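Notes to accompany the following structure.
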Amino acid sequence: MSTGTDSEDLYDLIPIPNAPVHFSIDDGNMAQWLFLDMSLAHNLIIRGINSMWKNALSVKSDDVGAFSGYALSCLQFVHAHHHGEEHVVFPRLQAKLDMGHNIEQHEAFQEPMRALEDYMTRVNKGLEEYDGERTREIVKAFGDPMVEHLRDEITTLTPEKLSVFTNEELSETAKAFQEHIKQLGGFFTLFPFALMAHDQRDAPEWPPAPAPVKWFATNIGYFVNRSYWKFSPYTRSGDPQTYTK
């Protein structure tokens, strides 16, 4: 079982059982597939929050724009992930499971997320001076309810609970979610963030985006905002990295 949590991290990751997982939508056990897909996606968000927390006090003056850009890319991923859940995944699961609590929890972190997003946007545009201590306060105010939600939500998506659906039903849900991902855009922000917040040791073939999308994000999209990704926990080749002042 892999957690990949660093000793300096604020929040523990969601454990990934039997890592490394060889991830294929055609494996047949779609309840396990969807559970692992959501667990891995949630860990991207937790790593992004941990990276903001860990690096907030060390950001050099000429890296403030890059750091705020990295933070905004992480939040863009959060928006996209939860939009997909609310509009693609949960309506399908609601047919046999109660997803109401998950949607209610989405509302619980909206205000602190807006506060972090507004602050980072102003910093990024040069409208407000960057303050590392204040950043940590805002990140934690957002991270506490966000990570609690990510952990709680996974308990509603276990293979045992998803087993009330047929493989065909869950496969349709997974494929609809993949189609949603392809339409998101964010090739210069959202996708590079996701690829470099993922520990490839957990699942080498993940995320389940089409190969051309992964190639573009890694080989072209990465370079558009290259300075952002020095704050990512991993390089574009998958090696762990640490931002140094």
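Labels used: A, B, ... for chains in the order of the structure tokens, numbers from 1 for residues in each chain, and numbers from 1 for ligands as shown.
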
Practice prompt. For His82 of chain A, work out the shell of residues within 12 Å, counting only C-alpha atoms and skipping chain neighbours fewer than 5 positions away, then give it as a list in words.
Written response: Met38, Ala41, His42, Ile45, Leu75, Gln76, Phe77, His87, Val88, Val89, Phe90, Asn102, Ile103, Glu104, Gln105, His106, Glu107, Phe109, Gln110, Met146, His149, Leu150, Glu153, Phe177, His180 and Ile181 of chain A

Excluding segment 192-202 of chain A and residues on its chain fewer than 4 positions from it, collect all residues at most 9 Å away from it, counting only C-alpha atoms, and give them as an mmCIF file with C-alpha atoms, in the first residue's frame.
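See around-v1.cif below for the written result:
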```cif
data_model
loop_
_atom_site.group_PDB
_atom_site.id
_atom_site.type_symbol
_atom_site.label_atom_id
_atom_site.label_comp_id
_atom_site.auth_asym_id
_atom_site.auth_seq_id
_atom_site.Cartn_x
_atom_site.Cartn_y
_atom_site.Cartn_z
ATOM 1 C CA MET A 1 0.000 0.000 0.000
ATOM 2 C CA SER A 2 1.417 3.374 -1.037
ATOM 3 C CA THR A 3 0.854 6.765 0.575
ATOM 4 C CA GLY A 4 3.906 8.675 -0.677
ATOM 5 C CA ILE A 16 -3.424 3.416 -2.706
ATOM 6 C CA PRO A 17 -3.812 -0.334 -2.097
ATOM 7 C CA ASN A 18 -1.652 -2.789 -4.023
ATOM 8 C CA ALA A 19 0.489 -0.073 -5.626
ATOM 9 C CA PRO A 20 1.810 0.018 -8.266
ATOM 10 C CA VAL A 21 -1.587 -0.319 -9.926
ATOM 11 C CA HIS A 22 -1.623 -1.160 -13.626
ATOM 12 C CA LEU A 40 -5.509 9.065 -7.317
ATOM 13 C CA ALA A 41 -7.259 12.269 -8.427
ATOM 14 C CA ASN A 43 -4.206 12.751 -4.050
ATOM 15 C CA LEU A 44 -3.311 15.239 -6.797
ATOM 16 C CA ILE A 45 -5.281 17.895 -4.938
ATOM 17 C CA ARG A 47 -0.236 17.122 -3.075
ATOM 18 C CA GLY A 48 -1.014 20.519 -4.571
ATOM 19 C CA TYR A 70 1.073 27.162 -9.662
ATOM 20 C CA SER A 73 -3.431 25.876 -11.633
ATOM 21 C CA CYS A 74 -4.094 23.618 -8.643
ATOM 22 C CA PHE A 77 -7.904 21.368 -11.280
ATOM 23 C CA GLY A 186 -6.305 23.857 -19.544
ATOM 24 C CA PHE A 187 -3.525 22.293 -21.605
ATOM 25 C CA PHE A 188 -1.030 24.854 -20.295
ATOM 26 C CA TRP A 206 -2.571 6.957 -14.907
ATOM 27 C CA PRO A 207 -4.233 9.426 -15.525
ATOM 28 C CA LYS A 214 -0.684 13.480 -22.188
ATOM 29 C CA ALA A 217 0.701 18.470 -21.822
ATOM 30 C CA THR A 218 4.159 17.012 -21.153
ATOM 31 C CA GLY A 221 1.919 22.582 -22.525
ATOM 32 C CA TYR A 222 4.608 22.200 -19.873
ATOM 33 C CA TYR A 228 5.175 27.184 -12.368
ATOM 34 C CA TRP A 229 6.217 23.569 -12.231
ATOM 35 C CA SER A 232 5.354 20.551 -8.370
ATOM 36 C CA PRO A 233 6.259 17.513 -6.249
ATOM 37 C CA TYR A 234 7.465 15.696 -9.399
ATOM 38 C CA THR A 235 9.266 16.580 -12.614
ATOM 39 C CA ARG A 236 7.670 15.923 -15.993
ATOM 40 C CA SER A 237 9.645 12.662 -16.146
ATOM 41 C CA GLY A 238 8.190 11.585 -12.785
ATOM 42 C CA ASP A 239 11.183 12.141 -10.508
ATOM 43 C CA PRO A 240 10.609 13.709 -7.049
#
```

Practice prompt. Rank A:Met113, A:Ala71, A:Leu190, A:Ala95 by their smallest atom-to-atom distance to Ser51 of chain A, using only C-alpha atoms, and report the top residue only.
Written response: A:Ala71

Item to complete: Report as a ChimeraX atom specification: the residues of segment 3-230 of chain A with a DSSP assignment of helix (DSSP H, G or I), based on the backbone of this structure.
Response: /A:30-58,61-93,100-108,110-124,132-155,159-162,167-182,190-196,211-224,226-230

Output the selection as a compact mmCIF listing (two decimals), in the first residue's frame - C-alpha atoms for each residue.
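Result saved to out-v2.txt:
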```txt
# COMPACT_ATOMS: atom_id res chain seq x y z
CA MET A 30 -14.95 -1.21 -12.88
CA ALA A 31 -15.88 -0.71 -9.22
CA GLN A 32 -12.20 -1.05 -8.31
CA TRP A 33 -11.19 1.10 -11.31
CA LEU A 34 -13.47 4.01 -10.38
CA PHE A 35 -12.45 3.86 -6.71
CA LEU A 36 -8.75 3.98 -7.61
CA ASP A 37 -9.28 6.70 -10.22
CA MET A 38 -10.98 8.93 -7.65
CA SER A 39 -8.36 8.14 -4.98
CA LEU A 40 -5.51 9.07 -7.32
CA ALA A 41 -7.26 12.27 -8.43
CA HIS A 42 -7.89 13.28 -4.82
CA ASN A 43 -4.21 12.75 -4.05
CA LEU A 44 -3.31 15.24 -6.80
CA ILE A 45 -5.28 17.90 -4.94
CA ILE A 46 -3.75 16.96 -1.58
CA ARG A 47 -0.24 17.12 -3.07
CA GLY A 48 -1.01 20.52 -4.57
CA ILE A 49 -2.18 21.86 -1.22
CA ASN A 50 0.84 20.33 0.52
CA SER A 51 3.14 21.95 -2.02
CA MET A 52 1.58 25.38 -1.44
CA TRP A 53 1.93 24.94 2.32
CA LYS A 54 5.47 23.57 2.23
CA ASN A 55 6.84 26.22 -0.13
CA ALA A 56 4.90 29.29 1.02
CA LEU A 57 7.63 30.60 3.32
CA SER A 58 10.47 29.92 0.87
CA SER A 61 10.76 37.43 -4.80
CA ASP A 62 11.30 36.65 -8.48
CA ASP A 63 9.31 33.39 -8.13
CA VAL A 64 6.13 34.97 -6.70
CA GLY A 65 4.45 35.02 -10.11
CA ALA A 66 5.35 31.38 -10.70
CA PHE A 67 4.16 30.29 -7.26
CA SER A 68 0.82 32.10 -7.56
CA GLY A 69 0.43 30.64 -11.05
CA TYR A 70 1.07 27.16 -9.66
CA ALA A 71 -1.52 27.70 -6.91
CA LEU A 72 -4.11 28.92 -9.43
CA SER A 73 -3.43 25.88 -11.63
CA CYS A 74 -4.09 23.62 -8.64
CA LEU A 75 -7.38 25.40 -7.97
CA GLN A 76 -8.31 25.13 -11.64
CA PHE A 77 -7.90 21.37 -11.28
CA VAL A 78 -10.14 21.38 -8.17
CA HIS A 79 -12.87 23.25 -10.07
CA ALA A 80 -12.63 20.90 -13.04
CA HIS A 81 -12.65 17.75 -10.91
CA HIS A 82 -15.69 18.76 -8.90
CA HIS A 83 -17.55 20.01 -11.97
CA GLY A 84 -17.05 16.56 -13.49
CA GLU A 85 -18.27 14.85 -10.33
CA GLU A 86 -21.38 17.02 -10.04
CA HIS A 87 -22.35 16.94 -13.72
CA VAL A 88 -21.13 13.54 -14.91
CA VAL A 89 -20.34 11.04 -12.13
CA PHE A 90 -22.73 11.79 -9.27
CA PRO A 91 -25.94 12.02 -11.36
CA ARG A 92 -25.24 8.50 -12.62
CA LEU A 93 -24.34 7.12 -9.18
CA GLY A 100 -26.25 14.23 -1.51
CA HIS A 101 -23.70 14.51 1.30
CA ASN A 102 -20.83 14.72 -1.18
CA ILE A 103 -22.46 17.64 -2.98
CA GLU A 104 -23.20 19.36 0.33
CA GLN A 105 -19.53 19.06 1.27
CA HIS A 106 -18.57 20.74 -2.02
CA GLU A 107 -20.32 23.84 -0.73
CA ALA A 108 -18.44 23.75 2.59
CA GLN A 110 -16.25 27.12 -1.57
CA GLU A 111 -15.74 30.23 0.56
CA PRO A 112 -12.16 29.45 1.71
CA MET A 113 -11.31 28.33 -1.83
CA ARG A 114 -12.56 31.66 -3.21
CA ALA A 115 -10.46 33.48 -0.60
CA LEU A 116 -7.32 31.60 -1.71
CA GLU A 117 -8.14 32.06 -5.38
CA ASP A 118 -8.82 35.79 -4.99
CA TYR A 119 -5.59 36.32 -3.05
CA MET A 120 -3.44 34.38 -5.49
CA THR A 121 -5.05 36.16 -8.45
CA ARG A 122 -4.26 39.56 -6.95
CA VAL A 123 -0.70 38.49 -6.17
CA ASN A 124 -0.28 37.09 -9.68
CA GLY A 132 4.21 33.76 3.05
CA GLU A 133 2.66 33.60 6.52
CA ARG A 134 -0.68 34.87 5.24
CA THR A 135 -0.52 32.37 2.39
CA ARG A 136 -0.11 29.53 4.87
CA GLU A 137 -3.11 30.73 6.86
CA ILE A 138 -5.32 30.91 3.75
CA VAL A 139 -4.05 27.57 2.42
CA LYS A 140 -4.81 25.83 5.72
CA ALA A 141 -8.26 27.46 5.98
CA PHE A 142 -9.02 25.95 2.57
CA GLY A 143 -7.08 22.72 3.03
CA ASP A 144 -8.74 21.58 6.26
CA PRO A 145 -12.31 21.27 4.87
CA MET A 146 -11.04 20.30 1.41
CA VAL A 147 -8.97 17.34 2.57
CA GLU A 148 -11.66 16.23 5.03
CA HIS A 149 -14.07 16.18 2.10
CA LEU A 150 -11.66 14.27 -0.16
CA ARG A 151 -11.23 11.60 2.50
CA ASP A 152 -14.95 11.37 3.32
CA GLU A 153 -15.94 11.17 -0.33
CA ILE A 154 -13.68 8.20 -1.00
CA THR A 155 -15.54 6.20 1.69
CA PRO A 159 -15.62 -1.03 -4.54
CA GLU A 160 -18.08 -2.61 -2.11
CA LYS A 161 -20.53 0.30 -2.41
CA LEU A 162 -20.05 0.65 -6.17
CA ASN A 167 -19.53 -3.28 -14.89
CA GLU A 168 -21.33 -1.91 -17.95
CA GLU A 169 -22.97 0.88 -15.94
CA LEU A 170 -19.70 1.91 -14.30
CA SER A 171 -17.82 1.66 -17.59
CA GLU A 172 -20.31 4.08 -19.15
CA THR A 173 -19.78 6.46 -16.22
CA ALA A 174 -15.98 6.23 -16.52
CA LYS A 175 -16.04 6.82 -20.28
CA ALA A 176 -18.37 9.80 -19.87
CA PHE A 177 -15.96 11.24 -17.30
CA GLN A 178 -13.06 10.74 -19.73
CA GLU A 179 -14.99 12.58 -22.44
CA HIS A 180 -15.57 15.39 -19.96
CA ILE A 181 -11.82 15.55 -19.26
CA LYS A 182 -11.02 15.87 -22.98
CA LEU A 190 -4.53 22.07 -15.52
CA PHE A 191 -2.99 19.11 -17.36
CA PRO A 192 0.68 19.87 -16.58
CA PHE A 193 -0.33 20.40 -12.94
CA ALA A 194 -2.06 17.00 -12.83
CA LEU A 195 0.76 15.09 -14.50
CA MET A 196 3.41 16.54 -12.17
CA ALA A 211 -2.22 9.57 -25.15
CA PRO A 212 -2.14 12.68 -27.41
CA VAL A 213 -3.41 14.81 -24.50
CA LYS A 214 -0.68 13.48 -22.19
CA TRP A 215 1.98 14.00 -24.85
CA PHE A 216 0.87 17.58 -25.53
CA ALA A 217 0.70 18.47 -21.82
CA THR A 218 4.16 17.01 -21.15
CA ASN A 219 6.02 18.14 -24.27
CA ILE A 220 4.32 21.41 -25.23
CA GLY A 221 1.92 22.58 -22.53
CA TYR A 222 4.61 22.20 -19.87
CA PHE A 223 6.86 24.81 -21.47
CA VAL A 224 4.25 27.59 -21.73
CA ARG A 226 7.49 26.21 -17.22
CA SER A 227 8.33 28.37 -14.18
CA TYR A 228 5.18 27.18 -12.37
CA TRP A 229 6.22 23.57 -12.23
CA LYS A 230 9.31 24.07 -10.06
```

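Going from atom CA of Gln94 of chain A over to atom CA of Gln183 of chain A, you cover 23.3 Å.
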
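Shortest atom-to-atom contact with Leu157 of chain A among A:Met99, A:Leu10, A:Val59, A:Leu184: A:Met99, counting only C-alpha atoms.
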